[in-house]
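K.L.:
You'll find start-v1.txt just under this line, and it carries compact mmCIF, C-alpha atoms and all ligand atoms.
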# COMPACT_ATOMS: atom_id res chain seq x y z
CA MET M 1 -45.03 26.47 -4.10
CA GLU M 2 -43.09 25.67 -0.94
CA GLN M 3 -40.50 22.94 -1.31
CA GLU M 4 -40.89 19.93 0.94
CA PHE M 5 -37.86 19.02 2.97
CA HIS M 6 -37.53 16.01 5.15
CA LYS M 7 -34.89 15.00 7.65
CA PRO M 8 -31.85 13.80 5.73
CA CYS M 9 -30.86 10.15 6.18
CA ILE M 10 -27.34 9.64 7.43
CA GLY M 11 -25.65 6.25 7.74
CA ILE M 12 -22.81 5.75 10.19
CA ILE M 13 -20.63 2.65 9.93
CA GLY M 14 -19.22 1.76 13.35
CA GLY M 15 -20.80 2.35 16.74
CA GLY M 16 -17.63 2.99 18.69
CA PRO M 17 -16.88 6.30 20.44
CA ALA M 18 -16.41 8.18 17.14
CA GLY M 19 -19.50 6.80 15.39
CA CYS M 20 -21.74 7.26 18.44
CA PHE M 21 -20.53 10.79 19.08
CA CYS M 22 -21.19 11.71 15.46
CA ALA M 23 -24.66 10.14 15.78
CA TYR M 24 -25.35 12.20 18.93
CA GLN M 25 -24.41 15.42 17.15
CA LEU M 26 -26.70 14.63 14.23
CA GLN M 27 -29.68 12.99 15.91
CA ASN M 28 -31.86 16.09 16.29
CA VAL M 29 -31.66 17.15 12.66
CA CYS M 30 -31.19 13.91 10.74
CA ASP M 31 -32.51 10.36 10.62
CA VAL M 32 -29.43 8.51 11.80
CA THR M 33 -28.77 4.80 11.35
CA VAL M 34 -25.68 3.33 12.98
CA PHE M 35 -24.38 0.01 11.66
CA GLU M 36 -22.56 -1.73 14.47
CA MET M 37 -21.63 -5.36 13.95
CA THR M 38 -21.06 -6.06 17.67
CA SER M 39 -22.41 -3.86 20.43
CA PRO M 40 -22.48 -0.05 20.50
CA LEU M 41 -19.72 1.55 22.60
CA LYS M 42 -18.37 -1.85 23.58
CA THR M 43 -14.84 -0.62 22.84
CA LEU M 44 -15.24 2.09 25.47
CA LEU M 45 -15.45 -0.48 28.27
CA VAL M 46 -11.74 -1.36 28.27
CA THR M 47 -10.48 2.20 28.05
CA GLY M 48 -8.33 3.56 30.84
CA GLY M 49 -8.20 0.12 32.46
CA GLY M 50 -12.00 0.20 32.81
CA ARG M 51 -11.98 3.80 34.10
CA CYS M 52 -12.20 5.55 30.69
CA ASN M 53 -9.61 8.27 30.32
CA LEU M 54 -11.94 10.35 28.20
CA ALA M 55 -9.83 13.49 27.64
CA HIS M 56 -6.63 15.27 28.67
CA ALA M 57 -6.53 18.56 30.55
CA GLU M 58 -4.71 20.57 27.88
CA TYR M 59 -6.96 23.43 26.89
CA ASP M 60 -4.78 25.05 24.22
CA PHE M 61 -5.57 23.22 21.00
CA LYS M 62 -2.12 23.71 19.46
CA GLU M 63 -0.48 22.31 22.58
CA LEU M 64 -2.98 19.45 22.58
CA ALA M 65 -2.13 18.63 18.96
CA LYS M 66 1.51 18.09 19.97
CA PHE M 67 0.51 14.85 21.70
CA TYR M 68 -0.28 13.20 18.35
CA PRO M 69 2.75 11.65 16.62
CA ARG M 70 0.51 11.24 13.56
CA GLY M 71 -1.92 14.03 12.67
CA GLU M 72 -0.58 17.04 14.62
CA LYS M 73 -0.97 19.63 11.83
CA PHE M 74 -4.16 18.09 10.47
CA LEU M 75 -5.72 18.39 13.93
CA TYR M 76 -5.17 22.17 14.24
CA SER M 77 -8.38 22.93 12.44
CA VAL M 78 -10.29 20.00 13.99
CA LEU M 79 -9.28 20.78 17.58
CA SER M 80 -9.87 24.51 17.11
CA LYS M 81 -13.56 23.60 16.59
CA PHE M 82 -13.94 20.99 19.30
CA SER M 83 -11.44 20.43 22.06
CA THR M 84 -11.07 19.43 25.71
CA ALA M 85 -13.50 21.99 27.18
CA ASP M 86 -16.20 20.99 24.65
CA THR M 87 -15.69 17.32 25.51
CA LEU M 88 -16.24 18.02 29.20
CA GLU M 89 -19.34 20.07 28.41
CA PHE M 90 -20.77 17.17 26.41
CA PHE M 91 -20.16 14.70 29.21
CA ARG M 92 -21.67 17.04 31.78
CA ALA M 93 -24.74 17.39 29.52
CA ILE M 94 -25.29 13.63 29.52
CA GLY M 95 -24.75 13.35 33.27
CA VAL M 96 -21.10 12.32 33.41
CA GLU M 97 -19.14 14.48 35.87
CA THR M 98 -15.36 14.31 35.52
CA TYR M 99 -12.17 14.95 37.46
CA THR M 100 -8.57 15.60 36.47
CA GLN M 101 -5.78 13.42 37.79
CA GLN M 102 -2.39 14.84 38.75
CA ASP M 103 -0.95 13.80 35.40
CA ASN M 104 -3.73 15.75 33.59
CA ARG M 105 -5.69 12.69 32.51
CA ILE M 106 -9.42 13.26 32.79
CA PHE M 107 -11.70 10.49 34.09
CA PRO M 108 -15.38 10.20 34.94
CA ALA M 109 -16.07 10.88 38.64
CA SER M 110 -17.50 7.34 38.81
CA ASN M 111 -14.16 5.92 37.56
CA SER M 112 -16.29 3.59 35.50
CA ALA M 113 -16.20 3.17 31.74
CA ALA M 114 -19.38 1.09 32.07
CA ASP M 115 -21.14 4.07 33.65
CA VAL M 116 -19.95 6.38 30.85
CA ARG M 117 -21.19 3.89 28.28
CA GLU M 118 -24.58 3.54 29.94
CA LYS M 119 -25.14 7.32 30.12
CA PHE M 120 -23.89 7.85 26.58
CA LEU M 121 -26.21 5.13 25.21
CA ALA M 122 -29.15 6.60 27.13
CA ALA M 123 -28.53 9.95 25.47
CA LEU M 124 -28.64 8.46 21.97
CA ASN M 125 -31.84 8.51 19.96
CA VAL M 126 -30.82 6.80 16.73
CA THR M 127 -31.45 3.49 14.96
CA PHE M 128 -28.86 0.79 15.55
CA LYS M 129 -28.54 -2.06 13.09
CA LYS M 130 -26.48 -5.03 14.15
CA GLU M 131 -25.09 -5.64 10.67
CA LYS M 132 -21.65 -5.71 9.17
CA ALA M 133 -21.17 -3.09 6.49
CA LEU M 134 -19.33 -4.60 3.56
CA ARG M 135 -19.20 -1.87 0.98
CA VAL M 136 -20.26 1.69 0.19
CA ASN M 137 -21.52 2.31 -3.34
CA PRO M 138 -21.99 5.83 -4.66
CA PHE M 139 -25.12 6.43 -6.75
CA GLU M 140 -26.76 9.48 -8.29
CA GLY M 141 -27.83 11.59 -5.30
CA GLY M 142 -26.28 9.65 -2.46
CA LEU M 143 -24.38 6.68 -1.12
CA GLU M 144 -25.51 3.15 -0.44
CA ILE M 145 -24.29 0.85 2.32
CA ALA M 146 -24.30 -2.85 1.45
CA THR M 147 -24.28 -4.99 4.58
CA ASP M 148 -24.32 -8.72 5.25
CA SER M 149 -28.14 -8.47 5.44
CA GLY M 150 -29.25 -5.82 2.99
CA SER M 151 -28.57 -2.46 1.40
CA TYR M 152 -29.55 1.03 2.51
CA LYS M 153 -29.47 4.44 0.83
CA PHE M 154 -28.27 7.60 2.53
CA GLU M 155 -27.47 11.16 1.64
CA SER M 156 -24.18 11.07 3.55
CA ILE M 157 -22.20 8.32 5.16
CA VAL M 158 -19.72 8.48 8.01
CA VAL M 159 -17.10 5.75 8.24
CA ALA M 160 -16.07 5.26 11.89
CA VAL M 161 -14.90 1.66 11.86
CA GLY M 162 -11.87 2.13 14.11
CA GLY M 163 -8.35 0.95 13.54
CA HIS M 164 -8.74 -2.79 13.54
CA ALA M 165 -11.15 -3.59 10.71
CA GLY M 166 -13.02 -1.99 7.89
CA TYR M 167 -10.24 -0.46 5.78
CA ASN M 168 -11.68 -2.33 2.79
CA ILE M 169 -14.65 0.01 2.71
CA ALA M 170 -12.36 3.01 2.24
CA LYS M 171 -10.06 1.12 -0.14
CA TYR M 172 -12.95 0.11 -2.37
CA LEU M 173 -13.83 3.78 -2.77
CA GLY M 174 -10.29 4.50 -3.98
CA HIS M 175 -8.77 5.69 -0.70
CA ASN M 176 -5.14 5.04 0.10
CA ILE M 177 -4.56 3.27 3.42
CA ILE M 178 -1.33 4.04 5.24
CA ASP M 179 -0.07 0.64 6.42
CA PRO M 180 -1.44 -0.04 9.90
CA SER M 181 0.92 -0.94 12.74
CA PRO M 182 0.29 -1.09 16.50
CA ALA M 183 1.28 1.81 18.77
CA LEU M 184 1.09 2.28 22.57
CA VAL M 185 2.12 -1.31 23.14
CA GLY M 186 4.77 -3.20 25.12
CA LEU M 187 7.98 -4.13 23.32
CA LYS M 188 10.00 -7.34 23.13
CA THR M 189 13.70 -6.73 23.67
CA ASP M 190 16.91 -8.75 23.27
CA LYS M 191 17.92 -8.31 26.94
CA VAL M 192 15.33 -9.22 29.56
CA PHE M 193 15.46 -8.15 33.22
CA THR M 194 13.50 -9.20 36.32
CA SER M 195 9.83 -8.97 35.40
CA GLY M 196 7.81 -6.47 37.44
CA VAL M 197 10.66 -4.05 38.17
CA VAL M 198 9.70 -0.41 37.59
CA LEU M 199 12.30 2.29 36.95
CA LYS M 200 11.16 5.87 37.50
CA ASN M 201 11.80 8.80 35.17
CA VAL M 202 13.94 6.99 32.64
CA LYS M 203 15.06 9.15 29.71
CA THR M 204 15.51 8.29 26.07
CA LYS M 205 15.82 10.18 22.83
CA ILE M 206 13.88 9.27 19.70
CA GLY M 207 15.08 11.44 16.83
CA LYS M 208 15.00 14.94 18.24
CA THR M 209 12.38 14.11 20.88
CA VAL M 210 13.51 13.53 24.45
CA LEU M 211 11.13 11.28 26.37
CA GLN M 212 11.12 10.82 30.14
CA ASP M 213 8.76 8.48 31.99
CA ASP M 214 8.53 5.26 33.98
CA ILE M 215 9.43 1.91 32.46
CA LEU M 216 8.32 -1.56 33.53
CA PHE M 217 10.34 -4.69 32.79
CA THR M 218 8.27 -7.64 31.64
CA HIS M 219 9.01 -11.31 31.01
CA ASN M 220 9.98 -10.53 27.42
CA GLY M 221 10.91 -6.86 27.32
CA ILE M 222 9.55 -3.50 28.40
CA SER M 223 6.15 -1.96 29.05
CA GLY M 224 4.72 1.04 30.92
CA PRO M 225 4.38 4.69 29.88
CA LEU M 226 7.89 5.13 28.43
CA ALA M 227 7.69 1.92 26.39
CA PHE M 228 4.27 2.97 25.04
CA LYS M 229 5.66 6.33 23.96
CA ILE M 230 8.64 4.66 22.29
CA SER M 231 6.31 2.23 20.50
CA SER M 232 4.27 5.17 19.30
CA LEU M 233 7.16 7.26 17.99
CA MET M 234 8.80 4.21 16.40
CA ALA M 235 5.56 2.69 15.07
CA ARG M 236 6.70 3.06 11.46
CA GLU M 237 10.22 1.83 12.10
CA LYS M 238 11.29 -1.66 10.96
CA PHE M 239 12.27 -4.18 13.65
CA PRO M 240 14.80 -4.64 15.09
CA TYR M 241 15.80 -1.14 16.20
CA THR M 242 17.96 -0.01 19.10
CA ILE M 243 16.97 2.28 21.95
CA THR M 244 19.28 3.79 24.56
CA LEU M 245 17.98 4.36 28.08
CA ASP M 246 19.39 6.80 30.61
CA LEU M 247 18.33 5.31 33.94
CA THR M 248 19.81 7.73 36.43
CA GLY M 249 20.68 11.03 34.76
CA GLU M 250 23.88 12.84 35.71
CA ILE M 251 25.73 11.05 38.59
CA ASP M 252 29.33 11.00 39.80
CA LEU M 253 29.95 7.29 40.41
CA GLN M 254 33.57 7.74 41.50
CA GLU M 255 32.51 10.20 44.18
CA ARG M 256 29.94 7.66 45.45
CA PHE M 257 32.58 4.90 45.46
CA ASN M 258 34.93 7.13 47.46
CA ALA M 259 32.23 7.92 50.00
CA ASN M 260 31.23 4.23 50.41
CA PRO M 261 34.46 2.21 50.13
CA HIS M 262 33.12 -0.81 52.10
CA LYS M 263 29.79 -1.21 50.35
CA THR M 264 29.43 -3.85 47.65
CA LEU M 265 28.96 -2.49 44.19
CA LYS M 266 25.47 -3.98 43.82
CA ASN M 267 24.33 -2.48 47.14
CA LEU M 268 25.52 0.95 46.12
CA VAL M 269 23.84 0.70 42.73
CA GLY M 270 20.76 -0.64 44.56
CA GLU M 271 20.37 2.89 45.96
CA LEU M 272 20.04 4.25 42.44
CA VAL M 273 17.81 1.60 40.86
CA PRO M 274 15.71 -1.26 42.30
CA LYS M 275 17.92 -3.86 44.00
CA SER M 276 16.97 -6.87 41.87
CA PHE M 277 17.74 -4.85 38.78
CA ALA M 278 21.01 -3.52 40.26
CA ALA M 279 22.26 -7.09 40.64
CA GLU M 280 21.56 -7.69 36.95
CA ILE M 281 23.40 -4.68 35.56
CA CYS M 282 26.41 -4.70 37.90
CA PRO M 283 29.47 -6.35 36.48
CA SER M 284 31.17 -8.07 39.50
CA GLY M 285 28.47 -6.82 41.88
CA ASP M 286 29.98 -8.44 45.00
CA ILE M 287 33.24 -6.53 44.99
CA LYS M 288 33.72 -3.59 47.33
CA CYS M 289 33.45 -0.07 45.96
CA SER M 290 37.07 0.59 46.93
CA GLN M 291 38.17 -2.23 44.60
CA VAL M 292 36.26 -1.21 41.50
CA SER M 293 38.51 -0.94 38.46
CA ALA M 294 38.16 1.78 35.85
CA LYS M 295 36.93 -0.82 33.34
CA VAL M 296 34.12 -2.03 35.64
CA ARG M 297 33.18 1.57 36.50
CA GLU M 298 32.91 2.43 32.82
CA GLU M 299 30.83 -0.64 32.06
CA LEU M 300 28.49 0.12 34.95
CA MET M 301 28.26 3.78 33.93
CA LYS M 302 27.31 2.68 30.42
CA ASN M 303 24.55 0.43 31.78
CA LEU M 304 23.17 3.21 33.96
CA ARG M 305 23.41 6.13 31.55
CA SER M 306 23.09 4.49 28.15
CA LEU M 307 21.64 1.02 28.45
CA GLU M 308 21.21 -0.30 24.94
CA LEU M 309 18.28 -2.56 24.16
CA LYS M 310 17.45 -4.04 20.80
CA VAL M 311 13.70 -3.92 20.22
CA LEU M 312 12.64 -7.08 18.39
CA SER M 313 8.87 -6.63 18.01
CA THR M 314 5.77 -5.43 19.81
CA SER M 315 4.51 -7.62 22.62
CA GLY M 316 0.89 -6.58 23.21
CA GLY M 317 -0.62 -4.93 26.27
CA GLY M 318 -1.26 -1.20 26.62
CA GLU M 319 -3.86 0.87 24.78
CA VAL M 320 -3.01 -0.61 21.40
CA VAL M 321 -4.04 2.07 18.98
CA THR M 322 -3.40 1.82 15.28
CA CYS M 323 -0.80 3.97 13.64
CA GLY M 324 -1.94 4.20 10.02
CA GLY M 325 -5.31 4.26 8.32
CA VAL M 326 -7.03 6.44 5.77
CA ASP M 327 -4.47 8.82 4.27
CA LEU M 328 -4.91 12.34 5.68
CA LYS M 329 -4.05 13.83 2.28
CA GLU M 330 -7.39 12.53 1.04
CA ILE M 331 -9.52 14.06 3.81
CA ASN M 332 -10.45 17.72 4.20
CA PRO M 333 -9.42 18.67 7.78
CA LYS M 334 -12.02 21.45 7.88
CA THR M 335 -14.90 19.02 7.28
CA MET M 336 -13.57 15.42 7.64
CA GLU M 337 -15.12 14.81 4.20
CA SER M 338 -13.37 12.59 1.69
CA LYS M 339 -11.67 14.56 -1.06
CA LEU M 340 -12.41 11.65 -3.41
CA VAL M 341 -16.07 10.82 -2.71
CA PRO M 342 -18.51 13.65 -1.94
CA HIS M 343 -20.71 13.14 1.15
CA LEU M 344 -18.43 10.44 2.53
CA TYR M 345 -16.89 11.31 5.91
CA PHE M 346 -14.34 9.69 8.21
CA CYS M 347 -13.81 10.06 11.94
CA GLY M 348 -11.98 8.39 14.83
CA GLU M 349 -9.20 5.87 14.67
CA VAL M 350 -9.88 4.77 11.09
CA VAL M 351 -7.95 7.81 9.88
CA ASP M 352 -4.18 8.08 10.07
CA ILE M 353 -4.18 9.93 13.41
CA ASP M 354 -3.02 8.54 16.73
CA GLY M 355 -1.92 10.06 20.00
CA PHE M 356 0.00 9.10 23.10
CA CYS M 357 -1.64 7.50 26.17
CA GLY M 358 -3.58 10.02 28.23
CA GLY M 359 -7.01 10.55 26.68
CA PHE M 360 -5.76 11.80 23.31
CA ASN M 361 -7.16 8.97 21.22
CA LEU M 362 -10.69 9.39 22.53
CA GLN M 363 -10.33 13.17 22.10
CA ASN M 364 -9.50 12.48 18.46
CA CYS M 365 -12.79 10.55 18.21
CA TRP M 366 -14.89 13.30 19.80
CA SER M 367 -13.27 16.08 17.76
CA THR M 368 -13.19 14.47 14.32
CA ALA M 369 -16.76 13.17 14.80
CA PHE M 370 -17.95 16.65 15.78
CA VAL M 371 -16.40 18.23 12.69
CA ALA M 372 -17.94 15.61 10.38
CA ALA M 373 -21.37 16.10 11.98
CA GLU M 374 -21.04 19.89 11.87
CA ASN M 375 -20.34 19.81 8.17
CA ILE M 376 -23.16 17.39 7.44
CA THR M 377 -25.65 19.60 9.26
CA HIS M 378 -24.32 22.76 7.52
CA GLY M 379 -24.56 21.14 4.15
CA LEU M 380 -28.02 19.66 4.52
CA ARG M 381 -29.39 19.06 1.05
CA ARG M 382 -32.79 18.12 -0.20
CA SER M 383 -33.16 14.39 -0.36
CA THR M 384 -33.34 13.10 -3.91
CA PHE M 385 -34.70 9.65 -3.17
C1 LIG M 401 -7.20 -1.55 26.04
C2 LIG M 401 -7.41 -0.16 25.48
C3 LIG M 401 -7.52 0.91 26.34
C4 LIG M 401 -7.69 2.19 25.82
N1 LIG M 401 -7.81 3.24 26.69
C5 LIG M 401 -7.95 4.50 26.20
C6 LIG M 401 -8.14 5.60 27.09
O1 LIG M 401 -8.27 5.43 28.30
N2 LIG M 401 -8.22 6.84 26.55
C7 LIG M 401 -8.14 7.05 25.20
O2 LIG M 401 -8.20 8.21 24.77
N3 LIG M 401 -8.04 6.03 24.32
C8 LIG M 401 -7.95 4.76 24.81
N4 LIG M 401 -7.86 3.71 23.94
C9 LIG M 401 -7.99 3.98 22.49
C10 LIG M 401 -9.47 4.18 22.13
O3 LIG M 401 -10.24 3.17 22.74
C11 LIG M 401 -9.68 4.14 20.62
O4 LIG M 401 -8.85 5.11 20.04
C12 LIG M 401 -11.15 4.40 20.29
O5 LIG M 401 -11.96 3.35 20.78
C13 LIG M 401 -11.36 4.48 18.78
O6 LIG M 401 -12.72 4.73 18.58
P1 LIG M 401 -13.41 4.51 17.15
O7 LIG M 401 -14.85 4.78 17.34
O8 LIG M 401 -12.67 5.26 16.12
O9 LIG M 401 -13.16 2.97 16.82
P2 LIG M 401 -13.57 1.69 17.67
O10 LIG M 401 -13.62 2.00 19.10
O11 LIG M 401 -12.67 0.61 17.20
O12 LIG M 401 -15.04 1.38 17.18
C14 LIG M 401 -15.31 0.97 15.87
C15 LIG M 401 -16.59 0.17 15.88
O13 LIG M 401 -16.93 -0.13 14.55
C16 LIG M 401 -17.42 -1.45 14.47
N5 LIG M 401 -17.18 -1.91 13.09
C17 LIG M 401 -15.98 -2.07 12.49
N6 LIG M 401 -16.14 -2.45 11.21
C18 LIG M 401 -17.48 -2.52 11.01
C19 LIG M 401 -18.28 -2.87 9.89
N7 LIG M 401 -17.74 -3.19 8.72
N8 LIG M 401 -19.63 -2.86 10.03
C20 LIG M 401 -20.21 -2.55 11.23
N9 LIG M 401 -19.49 -2.20 12.32
C21 LIG M 401 -18.15 -2.19 12.21
C22 LIG M 401 -16.62 -2.20 15.53
O14 LIG M 401 -17.35 -3.34 15.97
C23 LIG M 401 -16.47 -1.15 16.62
O15 LIG M 401 -17.50 -1.22 17.58
C24 LIG M 401 -7.73 2.41 24.42
C25 LIG M 401 -7.64 1.32 23.55
C26 LIG M 401 -7.50 0.03 24.06
C27 LIG M 401 -7.43 -1.12 23.12
Could the structure of this file be written out as structure tokens, please?
P.N.:
Amino acid sequence: MEQEFHKPCIGIIGGGPAGCFCAYQLQNVCDVTVFEMTSPLKTLLVTGGGRCNLAHAEYDFKELAKFYPRGEKFLYSVLSKFSTADTLEFFRAIGVETYTQQDNRIFPASNSAADVREKFLAALNVTFKKEKALRVNPFEGGLEIATDSGSYKFESIVVAVGGHAGYNIAKYLGHNIIDPSPALVGLKTDKVFTSGVVLKNVKTKIGKTVLQDDILFTHNGISGPLAFKISSLMAREKFPYTITLDLTGEIDLQERFNANPHKTLKNLVGELVPKSFAAEICPSGDIKCSQVSAKVREELMKNLRSLELKVLSTSGGGEVVTCGGVDLKEINPKTMESKLVPHLYFCGEVVDIDGFCGGFNLQNCWSTAFVAAENITHGLRRSTF
């Protein structure tokens, strides 16, 4: 007698980019229910300043993995299965054309996250339930989701709750959560300079990593690409910590003084850094270059080449991704399945993976969601309820 198979029921907790992408991958072969307590893909709207930086134009998966301070090695297998080119193919398939900016960030041609969201939602053919999942309970033959309004049985469950809420679900099932802390954020510092000043190509060294990018001074510290990278690499460091900024690179100040004896010190330095900032870092800025003492020159040189700032805390702004989440040791990188609870999967920001600014965090969503879906569809079992 022929066995009767029906479409397996899959529950996805979280209708952000990761949960929705997983749903899309499964929708033709499974009955998919997405539990989203707010609105599906709402979190996509703010990405890329409303433009949605949906991927990064690095097509070698090992090179791409280098942009993730947490998760680089884990992502080798994930990104080898689904990477930048696959992301672009998906978006083309749902009617989102893209372009690559000079800095390799990839955006929709419409420059509109709202447009991406609309097209993505139109391509989804799954059931959405506006309920908050509270707990996942394993039972013989499957997993049950208990929500604030009811309980539902599934053969497999994907947890895609993002980095801001929902760790309790994983914790309840015995998973270890690496302490969450914000990354890709502005930083509060002890010294504060004129707000709004941007310094180009500032260098700093974090451990063995040399970073070079633009920095923006804010009312209480620093922001901009370099600050976000620092916040990412130092996300697990205790506050306060000290950073040293090289603002100008190699320069011969004495030679410049000799060539401009009548210029004031702050005017000369104003050629190297923005003028309002020059006035703030010049000791005795009104004296003429010909009168600069060795002590003042040294102090100025220190400010330009190794400006020390004490970082006191994060200060918000930026992409704000979570460093931390479900411990990677407890997830199989080849399948995104929990090593503790069979048929339980994780994808997106809920796991302890985070990347720099530039499309890497959404790429993590697409890729981990794809791998989870791929494994669910490979392992389709006969429903037992
Ligand atoms: C301002 C900003 C700009 C950003 N810009 C970019 C960018 O341009 N490029 C980039 O790559 N990354 C960007 N990011 C990061 C990126 O948005 C996130 O990494 C990504 O949204 C994570 O997707 P996710 O699906 O894992 O989680 P989320 O997007 O957080 O989605 C999780 C969803 O699950 C729902 N949920 C949570 N708990 C429950 C529960 N118990 N029951 C039911 N539903 C639940 C939430 O309501 C939410 O909708 C940005 C982030 C921010 C904050």
K.L.:
M:Ser149, M:Thr43, M:Asn137, M:Thr377: which is nearest Ala113 in chain M, counting only C-alpha atoms?
P.N.:
M:Thr43
K.L.:
Please return as a PyMOL selection string every residue within 6 Å of (-18.9, -2.1, 11.4), taking into account only C-alpha atoms and the file's own coordinates.
P.N.:
chain M and resi 13-14+35-37+132-133+161
K.L.:
With only C-alpha atoms as the atoms that count, which of M:Gly142, M:Gly207, M:Gly48, M:Gly174 lies nearest to Ile10 in chain M?
P.N.:
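Under the stated criterion, the closest residue is M:Gly142.
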K.L.:
Would you list the contacts of range 254-260 of chain M as a ChimeraX atom specification, taking every protein, DNA or RNA residue within 12 Å and counting all atoms listed in the file, but skipping same-chain residues closer than 3 positions in sequence?
P.N.:
/M:251,263-269,271-272,287-294,296-298,300-301
K.L.:
Near Ser306 in chain M, counting only C-alpha atoms, which residues have an atom at most 12 Å away, once you skip same-chain residues fewer than 6 positions from it, shown as a list of chain:residue names?
P.N.:
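In the requested format, the answer is M:Val202, M:Lys203, M:Thr204, M:Lys205, M:Thr242, M:Ile243, M:Thr244, M:Leu245, M:Asp246, M:Leu247, M:Thr248, M:Gly249, M:Glu250, M:Ile281, M:Glu298, M:Glu299, M:Leu300.
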K.L.:
Report the closest atom pair, with its distance in Å rounded to one decimal, for each residue of chain M that has an atom no farther than 7 Å from ligand LIG 401 (chain M); count all atoms listed in the file, sort by chain and then rising residue number, and write it as CSV.
P.N.:
residue,atom,partner,partner_atom,distance
M:Ile13,CA,M:LIG401,C20,5.4
M:Gly14,CA,M:LIG401,O13,3.2
M:Gly15,CA,M:LIG401,C15,4.8
M:Gly16,CA,M:LIG401,O12,3.4
M:Pro17,CA,M:LIG401,O7,4.0
M:Ala18,CA,M:LIG401,O7,3.7
M:Gly19,CA,M:LIG401,O7,5.4
M:Phe35,CA,M:LIG401,C20,4.9
M:Glu36,CA,M:LIG401,N9,3.8
M:Met37,CA,M:LIG401,N9,4.1
M:Thr38,CA,M:LIG401,O14,4.9
M:Ser39,CA,M:LIG401,O15,6.3
M:Pro40,CA,M:LIG401,O15,5.9
M:Leu41,CA,M:LIG401,O15,6.1
M:Lys42,CA,M:LIG401,O15,6.1
M:Thr43,CA,M:LIG401,O10,4.7
M:Leu44,CA,M:LIG401,O3,5.8
M:Val46,CA,M:LIG401,C1,5.1
M:Thr47,CA,M:LIG401,N1,3.2
M:Gly48,CA,M:LIG401,O1,3.2
M:Gly49,CA,M:LIG401,C3,6.2
M:Cys52,CA,M:LIG401,O1,4.6
M:Asn53,CA,M:LIG401,O1,3.7
M:Leu54,CA,M:LIG401,N2,5.4
M:Ala55,CA,M:LIG401,O2,6.2
M:Glu131,CA,M:LIG401,C20,5.8
M:Lys132,CA,M:LIG401,N8,3.6
M:Ala133,CA,M:LIG401,N8,3.9
M:Leu134,CA,M:LIG401,N7,5.6
M:Ala160,CA,M:LIG401,O8,5.4
M:Val161,CA,M:LIG401,O13,3.8
M:Gly162,CA,M:LIG401,O9,3.1
M:Gly163,CA,M:LIG401,O11,5.7
M:His164,CA,M:LIG401,O11,6.4
M:Ala165,CA,M:LIG401,N6,5.1
M:Gly166,CA,M:LIG401,N6,4.6
M:Gly318,CA,M:LIG401,C1,6.0
M:Glu319,CA,M:LIG401,C2,3.8
M:Val320,CA,M:LIG401,C27,4.8
M:Val321,CA,M:LIG401,C9,5.6
M:Cys347,CA,M:LIG401,O8,6.5
M:Gly348,CA,M:LIG401,O8,3.5
M:Glu349,CA,M:LIG401,O8,3.8
M:Val350,CA,M:LIG401,O8,5.8
M:Cys357,CA,M:LIG401,C7,6.6
M:Gly358,CA,M:LIG401,N2,5.9
M:Gly359,CA,M:LIG401,O2,3.2
M:Phe360,CA,M:LIG401,O2,4.6
M:Asn361,CA,M:LIG401,O2,3.8
M:Leu362,CA,M:LIG401,O2,3.6
M:Gln363,CA,M:LIG401,O2,6.0
M:Cys365,CA,M:LIG401,O8,5.7
K.L.:
Quick one: write out the picked residues with C-alpha atoms as a short mmCIF file (atom, residue, chain, number, x, y, z; two decimals), in the coordinates of the input?
P.N.:
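The resulting file, out-v9.cif, is reproduced below:
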data_model
loop_
_atom_site.label_atom_id
_atom_site.label_comp_id
_atom_site.auth_asym_id
_atom_site.auth_seq_id
_atom_site.Cartn_x
_atom_site.Cartn_y
_atom_site.Cartn_z
CA ILE M 13 -20.63 2.65 9.93
CA GLY M 14 -19.22 1.76 13.35
CA GLY M 15 -20.80 2.35 16.74
CA GLY M 16 -17.63 2.99 18.69
CA PRO M 17 -16.88 6.30 20.44
CA ALA M 18 -16.41 8.18 17.14
CA GLY M 19 -19.50 6.80 15.39
CA PHE M 35 -24.38 0.01 11.66
CA GLU M 36 -22.56 -1.73 14.47
CA MET M 37 -21.63 -5.36 13.95
CA THR M 38 -21.06 -6.06 17.67
CA SER M 39 -22.41 -3.86 20.43
CA PRO M 40 -22.48 -0.05 20.50
CA LEU M 41 -19.72 1.55 22.60
CA LYS M 42 -18.37 -1.85 23.58
CA THR M 43 -14.84 -0.62 22.84
CA LEU M 44 -15.24 2.09 25.47
CA VAL M 46 -11.74 -1.36 28.27
CA THR M 47 -10.48 2.20 28.05
CA GLY M 48 -8.33 3.56 30.84
CA GLY M 49 -8.20 0.12 32.46
CA CYS M 52 -12.20 5.55 30.69
CA ASN M 53 -9.61 8.27 30.32
CA LEU M 54 -11.94 10.35 28.20
CA ALA M 55 -9.83 13.49 27.64
CA GLU M 131 -25.09 -5.64 10.67
CA LYS M 132 -21.65 -5.71 9.17
CA ALA M 133 -21.17 -3.09 6.49
CA LEU M 134 -19.33 -4.60 3.56
CA ALA M 160 -16.07 5.26 11.89
CA VAL M 161 -14.90 1.66 11.86
CA GLY M 162 -11.87 2.13 14.11
CA GLY M 163 -8.35 0.95 13.54
CA HIS M 164 -8.74 -2.79 13.54
CA ALA M 165 -11.15 -3.59 10.71
CA GLY M 166 -13.02 -1.99 7.89
CA GLY M 318 -1.26 -1.20 26.62
CA GLU M 319 -3.86 0.87 24.78
CA VAL M 320 -3.01 -0.61 21.40
CA VAL M 321 -4.04 2.07 18.98
CA CYS M 347 -13.81 10.06 11.94
CA GLY M 348 -11.98 8.39 14.83
CA GLU M 349 -9.20 5.87 14.67
CA VAL M 350 -9.88 4.77 11.09
CA CYS M 357 -1.64 7.50 26.17
CA GLY M 358 -3.58 10.02 28.23
CA GLY M 359 -7.01 10.55 26.68
CA PHE M 360 -5.76 11.80 23.31
CA ASN M 361 -7.16 8.97 21.22
CA LEU M 362 -10.69 9.39 22.53
CA GLN M 363 -10.33 13.17 22.10
CA CYS M 365 -12.79 10.55 18.21
#
